[in-house]
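> Structure below; questions to follow.
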Amino acid sequence: MALTLFWSKKEQSKGSISPRWGYFALGAFLILAGLVVLGDVVAATVVSTILLGLCAILAGVVEIGHSVWTKGWGGLIWHIILGCLYMAGGIALVTAPAAGSLIVTYVLGFVLVASGIVRVFIGLRALTNAGGVLLLSGVFGILAGFLILAQWPSGELSVIGLFLGLDLAFHGAGWLALALAATSRP
């Protein structure tokens, strides 16, 4: 299959590259990234926890800096306390990522159950307007959340990496499908 299939003759004559090529490249990259993550889900979980910790530390620094910079807004002490809490949580995740992933995974289980319940409720209310997909998504979310909570803390070091790897791979597959669908149109 020649690469010229990814853009129309009109686009070829202009010498520009179609966005469809970008869809294809993004899809392939995301699938590859997902496979790399799935190759070592424990390492991916630890790295994700460390990155989450670094983001929390940065958020804490920005919160404290913002509170000092905008003293006139009021609540200076509360903003500084909030920034310190972000930083403390971030430092805890960075210095003990395995223990941090336990907590993150536990919270993820509850979030999946809660968001699943909301999606089921919305799906039932919109059942006649293609709400069935949302309903099914909610059921899967509830099941995934309960599976995480039921296995906690035994399988926690692989859960985040597994979910991340699967999400990346399926996200990439979606972009590839979009690219391939765009090439089949005249």
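Note on naming: chains are A, B, ... as they come in the structure tokens, residues start from 1 per chain, ligands start from 1 in the order shown.
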Wanna dump the region 27-106 of chain A-region 166-178 of chain A contacts at 6 Å for me, each residue with its shortest atom pair and the distance in Å to one decimal, counting only C-alpha atoms, ordered by chain and number, as CSV?


residue,atom,partner,partner_atom,distance
A:Gly27,CA,A:Gly172,CA,3.8
A:Leu30,CA,A:Gly172,CA,4.6
A:Ile31,CA,A:Ala169,CA,4.2
A:Gly34,CA,A:Ala169,CA,4.6

> Wanna dump the region 84-114 of chain A-region 131-143 of chain A contacts at 10 Å for me, each residue with its shortest atom pair and the distance in Å to one decimal, counting only C-alpha atoms, ordered by chain and number, as JSON lines?


{"residue": "A:Gly109", "atom": "CA", "partner": "A:Ile142", "partner_atom": "CA", "distance": 8.7}
{"residue": "A:Phe110", "atom": "CA", "partner": "A:Ile142", "partner_atom": "CA", "distance": 8.9}
{"residue": "A:Val111", "atom": "CA", "partner": "A:Gly141", "partner_atom": "CA", "distance": 9.0}
{"residue": "A:Leu112", "atom": "CA", "partner": "A:Gly141", "partner_atom": "CA", "distance": 5.2}
{"residue": "A:Val113", "atom": "CA", "partner": "A:Ile142", "partner_atom": "CA", "distance": 4.3}
{"residue": "A:Ala114", "atom": "CA", "partner": "A:Ile142", "partner_atom": "CA", "distance": 7.4}

> Write the residues of the selection above to a file with N, CA, C and O atoms, as a PDB file, in the first residue's frame.


ATOM      1  N   GLY A 109      -9.798   2.527  42.077  1.00  0.00           N
ATOM      2  CA  GLY A 109     -10.906   1.582  42.191  1.00  0.00           C
ATOM      3  C   GLY A 109     -12.203   2.277  42.548  1.00  0.00           C
ATOM      4  O   GLY A 109     -13.255   2.040  41.933  1.00  0.00           O
ATOM      5  N   PHE A 110     -12.163   3.169  43.541  1.00  0.00           N
ATOM      6  CA  PHE A 110     -13.362   3.907  43.940  1.00  0.00           C
ATOM      7  C   PHE A 110     -13.836   4.854  42.844  1.00  0.00           C
ATOM      8  O   PHE A 110     -15.034   4.999  42.617  1.00  0.00           O
ATOM      9  N   VAL A 111     -12.901   5.500  42.173  1.00  0.00           N
ATOM     10  CA  VAL A 111     -13.264   6.425  41.095  1.00  0.00           C
ATOM     11  C   VAL A 111     -13.958   5.670  39.957  1.00  0.00           C
ATOM     12  O   VAL A 111     -14.955   6.140  39.396  1.00  0.00           O
ATOM     13  N   LEU A 112     -13.438   4.497  39.604  1.00  0.00           N
ATOM     14  CA  LEU A 112     -14.062   3.707  38.544  1.00  0.00           C
ATOM     15  C   LEU A 112     -15.476   3.273  38.918  1.00  0.00           C
ATOM     16  O   LEU A 112     -16.389   3.313  38.092  1.00  0.00           O
ATOM     17  N   VAL A 113     -15.672   2.848  40.168  1.00  0.00           N
ATOM     18  CA  VAL A 113     -17.014   2.458  40.617  1.00  0.00           C
ATOM     19  C   VAL A 113     -17.950   3.671  40.563  1.00  0.00           C
ATOM     20  O   VAL A 113     -19.056   3.588  40.015  1.00  0.00           O
ATOM     21  N   ALA A 114     -17.515   4.805  41.105  1.00  0.00           N
ATOM     22  CA  ALA A 114     -18.360   5.996  41.138  1.00  0.00           C
ATOM     23  C   ALA A 114     -18.683   6.495  39.729  1.00  0.00           C
ATOM     24  O   ALA A 114     -19.840   6.790  39.415  1.00  0.00           O
TER      25      ALA A 114
END

> Between A:Gly161, A:Gly22, A:Gly75, A:Gly60, which residue has the minimum interatomic distance to Ser48 (chain A), considering only C-alpha atoms?

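Of the candidates, the smallest distance to Ser48 (chain A) is held by A:Gly161.
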
> Between CA of Val47 (chain A) and CA of Pro153 (chain A), what is the distance in Å, rounded to a tenth?

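CA of Val47 (chain A) sits 18.5 Å away from CA of Pro153 (chain A).
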
> Calculated over only C-alpha atoms, which of the candidates A:Leu149, A:Ala144, A:Ala96, A:Leu85 has the smallest distance to Ile57 (chain A)?

A:Leu85
